[in-house]
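One structure is given here, and the rest of the page talks about it.
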Amino acid sequence: MTDDTRTNVDDVEEQRVRYDQARYVEDGQYEPLLSEKDQTTVEIGDSDESPLPDDLTRDSLELPGLSEPELARHYTRLSQMIYGIDSGPYPLGSCTMKYNPKFTEDVAALPKAAVHPDRSETSVQGSLDLMYRLQDYLGRIGGMDAVTLQPPAGAAGEFVGIRVAAAYHEHNGEDHRDEVIVPESAHGTNFATAALGGYDVVSLPSDEGGRVDLEALEAALSENTAALMLTNPNTLGLFERDISEIAEMVHDVGGLLYYDGANLNALLGRARPGDMGFDVMHYNVHKTFATPHGGGGPGAGPVGVVDELAPFLPAPRVRETEDDSETASSEPTYELFDPDHTIGKVHGYQGNWLVLVKAFAYIARLGDEGLLDASAKAVLNANYLASQISYDVPYEPFYHEFVASAGDQDAADVAKRMLDYGVHPPTTKWPEIVPEALMTEPTEVESKKTLDRLAAAFDAVAEEDDETLEAAPERTTARRIDQTSAARSPRLSWHELADDE
Ligand SMILES: *Cc1c(COP(=O)(O)O)cnc(C)c1O
């Protein structure tokens with residue numbers, strides 16, 4: 001190759017600039033909307049022939065008249081402006097952002113998975129079979145006796161679990177119980193769930209080691225305790241070593257023990273909340289069982305309970321049909337039923353069905369050994385990564401996640417800067433027990449090479465000054481976003497955008 005034809009660094013830089021320009025339109029906006037790219041009038045028929053009122057009908061429609069490549073490029077460009085689980089490591093602590101295997105998408109895309117929710121029970125026996133088996137898998141994984149698949153998220157599962165606990169207490173003539181105890185280090189949804197469930201929230205301080213303070217728990221428990229909500233391992237990644245004693249203390253005052261299943265990834269195949277004394281739990285299938293999440297869902301948050309609470313679960317659930325007629329086939333059949341004292345329906349139909357299909361496929365493919373392997377590697381990866389970074393990790397020994405401290409740096413700035421190194425940052429500023437928390441969960445799916453890359457990004461940022469951190473990110477499509485305004489006053493239509501201009 002001669003110098004003339006060789007692609008030199010400048011050419012590459014120019015190519016990058018051209019590529020960047022292609023991603024933005026001139027006025028500084030990002031990729032235009034399809035409707036801004038083209039508007040073509042399409043005739044759709046004669047509205048006079050419609051029985052609907054005139055103001056509800058039209059003869060033509062404005063649609064983007066774009067070719068398939070133009071459409072494909074639009075969505076590809078959009079996909080390149082964000083960082084997703086398929087872009088690189090995503091060590092968002094507590095969220096368990098593990099890779100979502102594509103085979104589960106194939107399973108969910110099978111024509112047979114596309115059942116209409118109004119079809120008769122007898123015509124959807126396969127779907128009921130899957131739900132029944134998923135209830136069974138989850139029950140066995142969590143050590144629970146009965147499971148509902150309806151709740152659409154972990155937080156929704158919490159709410160169902162607490163409603164079930166309330167119904168149980170009420171059924172036993174114990175509706176004076178008006179307190180739910182939540183450790184300081186818990187996820188915000190636990191406090192919200194307890195409050196929304198109508199309970200007074202009793203906040204429990206941690207002991208010096210970062211676990212439940214038994215003396216504080218003793219003081220908080222009373223005949224008014226409805227439940228204690230716990231995450232185990234907790235949000236510092238620490239296992240509550242006194243869990244049996246904690247369960248006994250809660251049960252002694254007649255309270256129930258709630259398990260927040262967000263950290264189940266650390267326990268898969270090794271330990272079961274039911275065996276620890278928990279009475280009710282939710283599963284974040286979009287975390288532990290690798291169904292897609294982020295961007296607001298959909299997810300699924302099935303709830304498992306011990307026998308005593310099963311009659312209060314949401315309706316309907318799936319069970320095997322009892323058929324003792326002589327013509328009964330050897331194949332089990334399934335039916336929907338309402339538990340005796342059900343709290344009612346909490347979701348349309350059976351919950352987020354295709355998410356449940358993916359979770360089922362994932363568990364079935366991994367099997368006992370695979371689940372065991374997942375938890376082993378999740379713990380190994382977290383411990384390896386922590387050992388490779390220079391930020392201090394104050395609480396040990398941790399399992400599938402750890403909370404480092406950014407020290408004098410602002411954890412949110414650290415996170416923004418990590419994006420410039422091409423990796424996703426950890427969860428920041430929570431739990432508050434660790435100053436400037438960097439809550440990190442690499443998950444079991446990352447290789448040593450990727451973990452080393454991640455560690456290098458942490459360490460590079462650890463060396464940088466405040467000015468650099470505050471200016472970050474420099475290399476992402478969107479820079480510092482006003483997240484508060486975005487959440488408080490979302491613009492949900494391009495008409496609003498146009499009106500602003
Ligand atoms: C994610 C999470 C929740 C809430 O679950 P969602 O599925 O996001 O609603 C609750 N507790 C903990 C510890 C979590 O990490």
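How things are named: the first chain in the structure tokens is A, the next is B, and so on; residues count from 1 in each chain; ligands count from 1 in the order shown.
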DSSP helix (DSSP H, G or I) residues within stretch 317-398 of chain A, as a VMD selection string: chain A and resid 353 to 388
Keeping only N, CA, C and O atoms, write the selected residues to a file as a compact mmCIF listing (two decimals), in the first residue's frame.
# COMPACT_ATOMS: atom_id res chain seq x y z
N TRP A 353 -47.60 -11.67 29.97
CA TRP A 353 -47.47 -13.05 29.50
C TRP A 353 -46.15 -13.34 28.79
O TRP A 353 -45.46 -14.29 29.12
N LEU A 354 -45.78 -12.52 27.81
CA LEU A 354 -44.57 -12.86 27.05
C LEU A 354 -43.30 -12.70 27.89
O LEU A 354 -42.30 -13.38 27.66
N VAL A 355 -43.34 -11.82 28.88
CA VAL A 355 -42.21 -11.71 29.80
C VAL A 355 -42.10 -13.02 30.60
O VAL A 355 -41.00 -13.55 30.83
N LEU A 356 -43.25 -13.54 30.99
CA LEU A 356 -43.27 -14.80 31.75
C LEU A 356 -42.76 -15.95 30.87
O LEU A 356 -42.05 -16.83 31.34
N VAL A 357 -43.12 -15.91 29.59
CA VAL A 357 -42.63 -16.96 28.66
C VAL A 357 -41.10 -16.92 28.60
O VAL A 357 -40.43 -17.96 28.66
N LYS A 358 -40.55 -15.71 28.52
CA LYS A 358 -39.08 -15.60 28.45
C LYS A 358 -38.43 -16.10 29.74
O LYS A 358 -37.40 -16.78 29.70
N ALA A 359 -39.01 -15.76 30.88
CA ALA A 359 -38.46 -16.21 32.16
C ALA A 359 -38.50 -17.73 32.24
O ALA A 359 -37.54 -18.38 32.68
N PHE A 360 -39.60 -18.30 31.77
CA PHE A 360 -39.74 -19.75 31.78
C PHE A 360 -38.64 -20.38 30.91
O PHE A 360 -37.97 -21.34 31.31
N ALA A 361 -38.47 -19.82 29.70
CA ALA A 361 -37.47 -20.36 28.77
C ALA A 361 -36.08 -20.29 29.39
O ALA A 361 -35.29 -21.23 29.30
N TYR A 362 -35.80 -19.19 30.04
CA TYR A 362 -34.48 -18.98 30.66
C TYR A 362 -34.22 -20.02 31.76
O TYR A 362 -33.18 -20.67 31.80
N ILE A 363 -35.19 -20.18 32.65
CA ILE A 363 -35.01 -21.13 33.76
C ILE A 363 -34.90 -22.56 33.22
O ILE A 363 -34.04 -23.34 33.63
N ALA A 364 -35.77 -22.88 32.25
CA ALA A 364 -35.77 -24.24 31.71
C ALA A 364 -34.43 -24.54 31.02
O ALA A 364 -33.88 -25.63 31.15
N ARG A 365 -33.90 -23.56 30.29
CA ARG A 365 -32.63 -23.78 29.58
C ARG A 365 -31.48 -23.92 30.58
O ARG A 365 -30.62 -24.78 30.42
N LEU A 366 -31.43 -23.11 31.61
CA LEU A 366 -30.33 -23.19 32.57
C LEU A 366 -30.41 -24.44 33.44
O LEU A 366 -29.39 -25.07 33.70
N GLY A 367 -31.59 -24.78 33.88
CA GLY A 367 -31.72 -25.95 34.75
C GLY A 367 -31.03 -25.73 36.08
O GLY A 367 -30.45 -24.66 36.34
N ASP A 368 -31.08 -26.74 36.94
CA ASP A 368 -30.48 -26.63 38.27
C ASP A 368 -29.02 -26.22 38.22
O ASP A 368 -28.57 -25.32 38.92
N GLU A 369 -28.28 -26.90 37.34
CA GLU A 369 -26.83 -26.64 37.29
C GLU A 369 -26.54 -25.23 36.79
O GLU A 369 -25.64 -24.56 37.30
N GLY A 370 -27.30 -24.81 35.80
CA GLY A 370 -27.09 -23.48 35.23
C GLY A 370 -27.39 -22.38 36.24
O GLY A 370 -26.67 -21.38 36.31
N LEU A 371 -28.44 -22.57 37.02
CA LEU A 371 -28.79 -21.56 38.02
C LEU A 371 -27.70 -21.47 39.08
O LEU A 371 -27.31 -20.39 39.53
N LEU A 372 -27.19 -22.64 39.46
CA LEU A 372 -26.11 -22.72 40.45
C LEU A 372 -24.87 -22.00 39.93
O LEU A 372 -24.19 -21.26 40.64
N ASP A 373 -24.60 -22.21 38.66
CA ASP A 373 -23.44 -21.60 38.01
C ASP A 373 -23.62 -20.08 37.94
O ASP A 373 -22.66 -19.32 38.13
N ALA A 374 -24.85 -19.65 37.67
CA ALA A 374 -25.11 -18.20 37.56
C ALA A 374 -24.79 -17.50 38.89
O ALA A 374 -24.10 -16.48 38.91
N SER A 375 -25.27 -18.05 39.99
CA SER A 375 -25.03 -17.38 41.27
C SER A 375 -23.55 -17.43 41.64
O SER A 375 -23.00 -16.46 42.18
N ALA A 376 -22.88 -18.53 41.31
CA ALA A 376 -21.44 -18.63 41.62
C ALA A 376 -20.68 -17.54 40.88
O ALA A 376 -19.86 -16.82 41.46
N LYS A 377 -20.97 -17.41 39.59
CA LYS A 377 -20.21 -16.44 38.79
C LYS A 377 -20.61 -15.00 39.13
O LYS A 377 -19.77 -14.10 39.04
N ALA A 378 -21.86 -14.80 39.51
CA ALA A 378 -22.28 -13.44 39.89
C ALA A 378 -21.45 -12.98 41.09
O ALA A 378 -20.98 -11.84 41.14
N VAL A 379 -21.26 -13.89 42.05
CA VAL A 379 -20.51 -13.54 43.26
C VAL A 379 -19.01 -13.40 42.95
O VAL A 379 -18.34 -12.46 43.38
N LEU A 380 -18.51 -14.33 42.14
CA LEU A 380 -17.09 -14.28 41.76
C LEU A 380 -16.79 -12.98 41.01
O LEU A 380 -15.80 -12.29 41.31
N ASN A 381 -17.64 -12.63 40.06
CA ASN A 381 -17.39 -11.43 39.25
C ASN A 381 -17.40 -10.16 40.10
O ASN A 381 -16.57 -9.28 39.90
N ALA A 382 -18.33 -10.08 41.04
CA ALA A 382 -18.40 -8.88 41.89
C ALA A 382 -17.12 -8.79 42.74
O ALA A 382 -16.52 -7.72 42.87
N ASN A 383 -16.69 -9.92 43.27
CA ASN A 383 -15.51 -9.91 44.12
C ASN A 383 -14.24 -9.63 43.32
O ASN A 383 -13.34 -8.92 43.78
N TYR A 384 -14.19 -10.18 42.10
CA TYR A 384 -13.01 -9.90 41.26
C TYR A 384 -12.95 -8.41 40.91
O TYR A 384 -11.93 -7.76 41.06
N LEU A 385 -14.07 -7.88 40.44
CA LEU A 385 -14.09 -6.47 40.03
C LEU A 385 -13.69 -5.55 41.19
O LEU A 385 -12.86 -4.65 41.03
N ALA A 386 -14.26 -5.83 42.38
CA ALA A 386 -13.95 -4.99 43.54
C ALA A 386 -12.46 -5.03 43.85
O ALA A 386 -11.86 -4.03 44.26
N SER A 387 -11.85 -6.19 43.64
CA SER A 387 -10.43 -6.33 43.96
C SER A 387 -9.55 -5.58 42.96
O SER A 387 -8.37 -5.36 43.22
N GLN A 388 -10.11 -5.20 41.82
CA GLN A 388 -9.32 -4.56 40.77
C GLN A 388 -9.45 -3.05 40.73
O GLN A 388 -8.81 -2.40 39.92
Any idea what's packed within 7 Å of stretch 128-140 of chain A, counting only C-alpha atoms, ignoring anything in its chain fewer than 2 positions away? Could you give it as a list in words? Val124, Gln125, Gly126, Gly142, Gly143, Met144, Asp145, Ala146, Val147, Thr148, Gly304, Val318, Arg319, Tyr334 and Phe360 of chain A
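You will find atom CA of A:Glu470 at 21.7 Å from atom CA of A:Tyr90.
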Considering only C-alpha atoms and all ligand atoms, tabulate each residue of chain A that lies at most 6 Å from ligand 1 along with its nearest interatomic pair and the corresponding distance in Å to one decimal; arrange the rows by chain and ascending residue number and present them as JSON lines.
{"residue": "A:Ser94", "atom": "CA", "partner": "ligand 1", "partner_atom_place_in_ligand_line": "15 (O)", "distance": 4.0}
{"residue": "A:Cys95", "atom": "CA", "partner": "ligand 1", "partner_atom_place_in_ligand_line": "15 (O)", "distance": 4.9}
{"residue": "A:Ala153", "atom": "CA", "partner": "ligand 1", "partner_atom_place_in_ligand_line": "7 (O)", "distance": 4.1}
{"residue": "A:Gly154", "atom": "CA", "partner": "ligand 1", "partner_atom_place_in_ligand_line": "7 (O)", "distance": 3.3}
{"residue": "A:Ala155", "atom": "CA", "partner": "ligand 1", "partner_atom_place_in_ligand_line": "9 (O)", "distance": 3.6}
{"residue": "A:His187", "atom": "CA", "partner": "ligand 1", "partner_atom_place_in_ligand_line": "13 (C)", "distance": 4.7}
{"residue": "A:Thr189", "atom": "CA", "partner": "ligand 1", "partner_atom_place_in_ligand_line": "10 (C)", "distance": 5.6}
{"residue": "A:Asp260", "atom": "CA", "partner": "ligand 1", "partner_atom_place_in_ligand_line": "11 (N)", "distance": 5.7}
{"residue": "A:Ala262", "atom": "CA", "partner": "ligand 1", "partner_atom_place_in_ligand_line": "14 (C)", "distance": 4.7}
{"residue": "A:Asn284", "atom": "CA", "partner": "ligand 1", "partner_atom_place_in_ligand_line": "7 (O)", "distance": 5.3}
Which residues, written as a PyMOL selection string, have at least one atom at most 9 Å from A:Pro273, with only C-alpha atoms counted and residues fewer than 6 positions away on the same chain left out? chain A and resi 141-144+232+259+261+264+267+279-281
Please produce a file of the residues just selected, as a PDB file, in the first residue's frame, where the atoms kept are N, CA and C atoms.
ATOM      1  N   ILE A 141     -37.577 -22.486  43.544  1.00  0.00           N
ATOM      2  CA  ILE A 141     -36.370 -21.651  43.660  1.00  0.00           C
ATOM      3  C   ILE A 141     -36.417 -20.806  44.936  1.00  0.00           C
ATOM      4  N   GLY A 142     -37.589 -20.310  45.276  1.00  0.00           N
ATOM      5  CA  GLY A 142     -37.704 -19.426  46.446  1.00  0.00           C
ATOM      6  C   GLY A 142     -38.067 -20.147  47.731  1.00  0.00           C
ATOM      7  N   GLY A 143     -38.417 -21.432  47.630  1.00  0.00           N
ATOM      8  CA  GLY A 143     -38.849 -22.143  48.823  1.00  0.00           C
ATOM      9  C   GLY A 143     -40.228 -21.694  49.270  1.00  0.00           C
ATOM     10  N   MET A 144     -41.077 -21.345  48.280  1.00  0.00           N
ATOM     11  CA  MET A 144     -42.434 -20.874  48.584  1.00  0.00           C
ATOM     12  C   MET A 144     -43.449 -21.932  48.135  1.00  0.00           C
ATOM     13  N   ASN A 232     -32.085  -9.791  50.999  1.00  0.00           N
ATOM     14  CA  ASN A 232     -30.980 -10.618  51.493  1.00  0.00           C
ATOM     15  C   ASN A 232     -30.372 -11.407  50.341  1.00  0.00           C
ATOM     16  N   TYR A 259     -39.709 -10.917  51.786  1.00  0.00           N
ATOM     17  CA  TYR A 259     -38.420 -10.972  51.090  1.00  0.00           C
ATOM     18  C   TYR A 259     -38.481 -10.199  49.780  1.00  0.00           C
ATOM     19  N   GLY A 261     -37.048  -9.794  46.481  1.00  0.00           N
ATOM     20  CA  GLY A 261     -36.275 -10.748  45.672  1.00  0.00           C
ATOM     21  C   GLY A 261     -35.300 -10.142  44.685  1.00  0.00           C
ATOM     22  N   LEU A 264     -31.958 -11.927  44.438  1.00  0.00           N
ATOM     23  CA  LEU A 264     -32.019 -13.394  44.377  1.00  0.00           C
ATOM     24  C   LEU A 264     -30.894 -13.979  43.527  1.00  0.00           C
ATOM     25  N   LEU A 267     -28.335 -15.948  45.266  1.00  0.00           N
ATOM     26  CA  LEU A 267     -28.714 -17.158  46.010  1.00  0.00           C
ATOM     27  C   LEU A 267     -29.111 -18.335  45.124  1.00  0.00           C
ATOM     28  N   ASP A 279     -41.964 -15.448  54.688  1.00  0.00           N
ATOM     29  CA  ASP A 279     -43.339 -15.900  54.453  1.00  0.00           C
ATOM     30  C   ASP A 279     -43.871 -15.487  53.094  1.00  0.00           C
ATOM     31  N   VAL A 280     -43.326 -14.410  52.562  1.00  0.00           N
ATOM     32  CA  VAL A 280     -43.846 -13.858  51.306  1.00  0.00           C
ATOM     33  C   VAL A 280     -42.702 -13.146  50.595  1.00  0.00           C
ATOM     34  N   MET A 281     -42.662 -13.270  49.275  1.00  0.00           N
ATOM     35  CA  MET A 281     -41.566 -12.654  48.519  1.00  0.00           C
ATOM     36  C   MET A 281     -42.022 -12.290  47.125  1.00  0.00           C
TER      37      MET A 281
END
Please provide as number ranges by chain all residues within 7 Å of A:Pro152, with the sequence filter that same-chain residues fewer than 6 positions apart are discarded (counting only C-alpha atoms). A: 298-301, 351-352
If we count only C-alpha atoms and set the cut-off at 10 Å, which residues sit around stretch 471-474 of chain A, ignoring sequence neighbours fewer than 2 positions away in its own chain? Please answer as a list of chain:residue names.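 Neighbouring residues, sequence-local ones excluded: A:Asp413, A:Val414, A:Ala415, A:Lys416, A:Arg417, A:Met418, A:Leu419, A:Asp420, A:Tyr421, A:Asp466, A:Glu467, A:Thr468, A:Leu469, A:Thr476, A:Thr477, A:Ala478, A:Arg479, A:Arg480.
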Mind writing the picked residues with N, CA, C and O atoms as an mmCIF file, in the first residue's frame?
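Okay, part25.cif is ready:
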data_model
loop_
_atom_site.group_PDB
_atom_site.id
_atom_site.type_symbol
_atom_site.label_atom_id
_atom_site.label_comp_id
_atom_site.auth_asym_id
_atom_site.auth_seq_id
_atom_site.Cartn_x
_atom_site.Cartn_y
_atom_site.Cartn_z
ATOM 1 N N ASP A 413 -21.093 12.525 39.139
ATOM 2 C CA ASP A 413 -20.121 12.956 38.125
ATOM 3 C C ASP A 413 -19.276 11.776 37.654
ATOM 4 O O ASP A 413 -18.955 11.660 36.471
ATOM 5 N N VAL A 414 -18.896 10.931 38.620
ATOM 6 C CA VAL A 414 -18.119 9.735 38.270
ATOM 7 C C VAL A 414 -18.905 8.919 37.245
ATOM 8 O O VAL A 414 -18.367 8.466 36.228
ATOM 9 N N ALA A 415 -20.195 8.776 37.499
ATOM 10 C CA ALA A 415 -21.035 7.990 36.595
ATOM 11 C C ALA A 415 -21.056 8.608 35.200
ATOM 12 O O ALA A 415 -20.895 7.910 34.201
ATOM 13 N N LYS A 416 -21.243 9.927 35.135
ATOM 14 C CA LYS A 416 -21.278 10.595 33.824
ATOM 15 C C LYS A 416 -19.961 10.402 33.088
ATOM 16 O O LYS A 416 -19.931 10.204 31.876
ATOM 17 N N ARG A 417 -18.870 10.480 33.837
ATOM 18 C CA ARG A 417 -17.561 10.374 33.196
ATOM 19 C C ARG A 417 -17.295 8.950 32.695
ATOM 20 O O ARG A 417 -16.647 8.752 31.672
ATOM 21 N N MET A 418 -17.792 7.966 33.419
ATOM 22 C CA MET A 418 -17.555 6.578 32.981
ATOM 23 C C MET A 418 -18.136 6.334 31.589
ATOM 24 O O MET A 418 -17.604 5.546 30.809
ATOM 25 N N LEU A 419 -19.207 7.044 31.273
ATOM 26 C CA LEU A 419 -19.808 6.897 29.936
ATOM 27 C C LEU A 419 -18.801 7.249 28.844
ATOM 28 O O LEU A 419 -18.815 6.663 27.766
ATOM 29 N N ASP A 420 -17.916 8.214 29.135
ATOM 30 C CA ASP A 420 -16.906 8.596 28.146
ATOM 31 C C ASP A 420 -15.890 7.482 27.901
ATOM 32 O O ASP A 420 -15.174 7.504 26.905
ATOM 33 N N TYR A 421 -15.798 6.561 28.826
ATOM 34 C CA TYR A 421 -14.899 5.420 28.638
ATOM 35 C C TYR A 421 -15.620 4.235 28.006
ATOM 36 O O TYR A 421 -15.109 3.120 27.983
ATOM 37 N N ASP A 466 -12.092 17.490 39.344
ATOM 38 C CA ASP A 466 -13.512 17.857 39.358
ATOM 39 C C ASP A 466 -13.963 18.520 38.065
ATOM 40 O O ASP A 466 -15.074 18.289 37.591
ATOM 41 N N GLU A 467 -13.085 19.328 37.502
ATOM 42 C CA GLU A 467 -13.455 20.061 36.291
ATOM 43 C C GLU A 467 -13.800 19.089 35.161
ATOM 44 O O GLU A 467 -14.815 19.234 34.472
ATOM 45 N N THR A 468 -12.948 18.087 35.022
ATOM 46 C CA THR A 468 -13.176 17.078 33.984
ATOM 47 C C THR A 468 -14.477 16.331 34.262
ATOM 48 O O THR A 468 -15.284 16.103 33.360
ATOM 49 N N LEU A 469 -14.659 15.967 35.523
ATOM 50 C CA LEU A 469 -15.848 15.190 35.874
ATOM 51 C C LEU A 469 -17.122 15.994 35.632
ATOM 52 O O LEU A 469 -18.099 15.484 35.097
ATOM 53 N N THR A 476 -21.092 11.271 24.531
ATOM 54 C CA THR A 476 -22.412 10.667 24.298
ATOM 55 C C THR A 476 -23.272 11.596 23.446
ATOM 56 O O THR A 476 -22.992 12.789 23.353
ATOM 57 N N THR A 477 -24.300 11.059 22.847
ATOM 58 C CA THR A 477 -25.168 11.856 21.980
ATOM 59 C C THR A 477 -25.841 12.965 22.783
ATOM 60 O O THR A 477 -25.845 14.119 22.391
ATOM 61 N N ALA A 478 -26.414 12.580 23.911
ATOM 62 C CA ALA A 478 -26.988 13.583 24.809
ATOM 63 C C ALA A 478 -25.988 13.794 25.940
ATOM 64 O O ALA A 478 -25.329 12.859 26.368
ATOM 65 N N ARG A 479 -25.876 15.039 26.423
ATOM 66 C CA ARG A 479 -24.872 15.321 27.455
ATOM 67 C C ARG A 479 -25.555 15.278 28.822
ATOM 68 O O ARG A 479 -26.163 14.286 29.167
ATOM 69 N N ARG A 480 -25.464 16.366 29.581
ATOM 70 C CA ARG A 480 -26.138 16.355 30.891
ATOM 71 C C ARG A 480 -27.620 16.616 30.679
ATOM 72 O O ARG A 480 -28.011 17.668 30.169
#
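Residues within 9 Å of stretch 242-255 of chain A, counting only C-alpha atoms and excluding same-chain residues fewer than 6 positions away, are His169, Arg177, Arg211, Val212, Leu214, Leu217, Glu218, Leu221, Ser222, Glu223, Asn224, Thr225, Ala226, Ala227, Leu228, Asn232, Asp275, Met276, Gly277 and Phe278 of chain A.
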Could you find all residues in stretch 218-423 of chain A that DSSP calls strand (DSSP E or B) from the backbone, and write them as a ChimeraX atom specification? /A:225-231,256-260,280-282,303-305,317-320,334-337,392,402-405
Take the residues that were just selected and, keeping C-alpha atoms, output them as a PDB file, in the first residue's frame.
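Once everything was written out, this is out-v3.pdb:
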ATOM      1  CA  THR A 225     -45.950  -5.126  63.563  1.00  0.00           C
ATOM      2  CA  ALA A 226     -47.564  -6.381  60.368  1.00  0.00           C
ATOM      3  CA  ALA A 227     -44.324  -7.236  58.567  1.00  0.00           C
ATOM      4  CA  LEU A 228     -40.593  -6.700  58.250  1.00  0.00           C
ATOM      5  CA  MET A 229     -39.383  -6.208  54.669  1.00  0.00           C
ATOM      6  CA  LEU A 230     -35.853  -7.447  54.008  1.00  0.00           C
ATOM      7  CA  THR A 231     -33.501  -7.804  51.054  1.00  0.00           C
ATOM      8  CA  LEU A 256     -44.697 -11.680  58.720  1.00  0.00           C
ATOM      9  CA  LEU A 257     -41.312 -11.633  57.022  1.00  0.00           C
ATOM     10  CA  TYR A 258     -41.257 -10.187  53.499  1.00  0.00           C
ATOM     11  CA  TYR A 259     -38.420 -10.972  51.090  1.00  0.00           C
ATOM     12  CA  ASP A 260     -37.502  -8.427  48.435  1.00  0.00           C
ATOM     13  CA  VAL A 280     -43.846 -13.858  51.306  1.00  0.00           C
ATOM     14  CA  MET A 281     -41.566 -12.654  48.519  1.00  0.00           C
ATOM     15  CA  HIS A 282     -41.487 -11.158  45.063  1.00  0.00           C
ATOM     16  CA  VAL A 303     -45.188 -13.228  44.287  1.00  0.00           C
ATOM     17  CA  GLY A 304     -44.585 -16.387  46.276  1.00  0.00           C
ATOM     18  CA  VAL A 305     -46.072 -17.188  49.663  1.00  0.00           C
ATOM     19  CA  ARG A 317     -54.211 -18.643  39.545  1.00  0.00           C
ATOM     20  CA  VAL A 318     -53.507 -21.803  37.570  1.00  0.00           C
ATOM     21  CA  ARG A 319     -53.836 -25.336  38.923  1.00  0.00           C
ATOM     22  CA  GLU A 320     -54.130 -28.865  37.641  1.00  0.00           C
ATOM     23  CA  TYR A 334     -55.148 -27.052  33.788  1.00  0.00           C
ATOM     24  CA  GLU A 335     -57.688 -24.528  34.917  1.00  0.00           C
ATOM     25  CA  LEU A 336     -57.877 -21.058  36.376  1.00  0.00           C
ATOM     26  CA  PHE A 337     -59.279 -20.659  39.876  1.00  0.00           C
ATOM     27  CA  ASP A 392     -12.632   2.020  48.660  1.00  0.00           C
ATOM     28  CA  PHE A 402     -20.600  -4.252  46.285  1.00  0.00           C
ATOM     29  CA  VAL A 403     -20.845  -0.598  47.198  1.00  0.00           C
ATOM     30  CA  ALA A 404     -17.673   1.400  46.613  1.00  0.00           C
ATOM     31  CA  SER A 405     -17.265   4.991  47.763  1.00  0.00           C
TER      32      SER A 405
END
Using only C-alpha atoms, pick whichever of A:Ala456, A:Val306, A:Leu313, A:Val393 has the shortest atom-to-atom distance to A:Pro435.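 So, comparing all the options, the nearest one is A:Val393.
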Residues within 8 Å of stretch 452-455 of chain A, please, as a PyMOL selection string. Count only C-alpha atoms; anything in the same chain fewer than 4 positions from it doesn't count. chain A and resi 89+385+388-389+423+448+459
Between atom CA of A:Gly188 and atom CA of A:Arg241, what is the spacing in Å? 23.0 Å
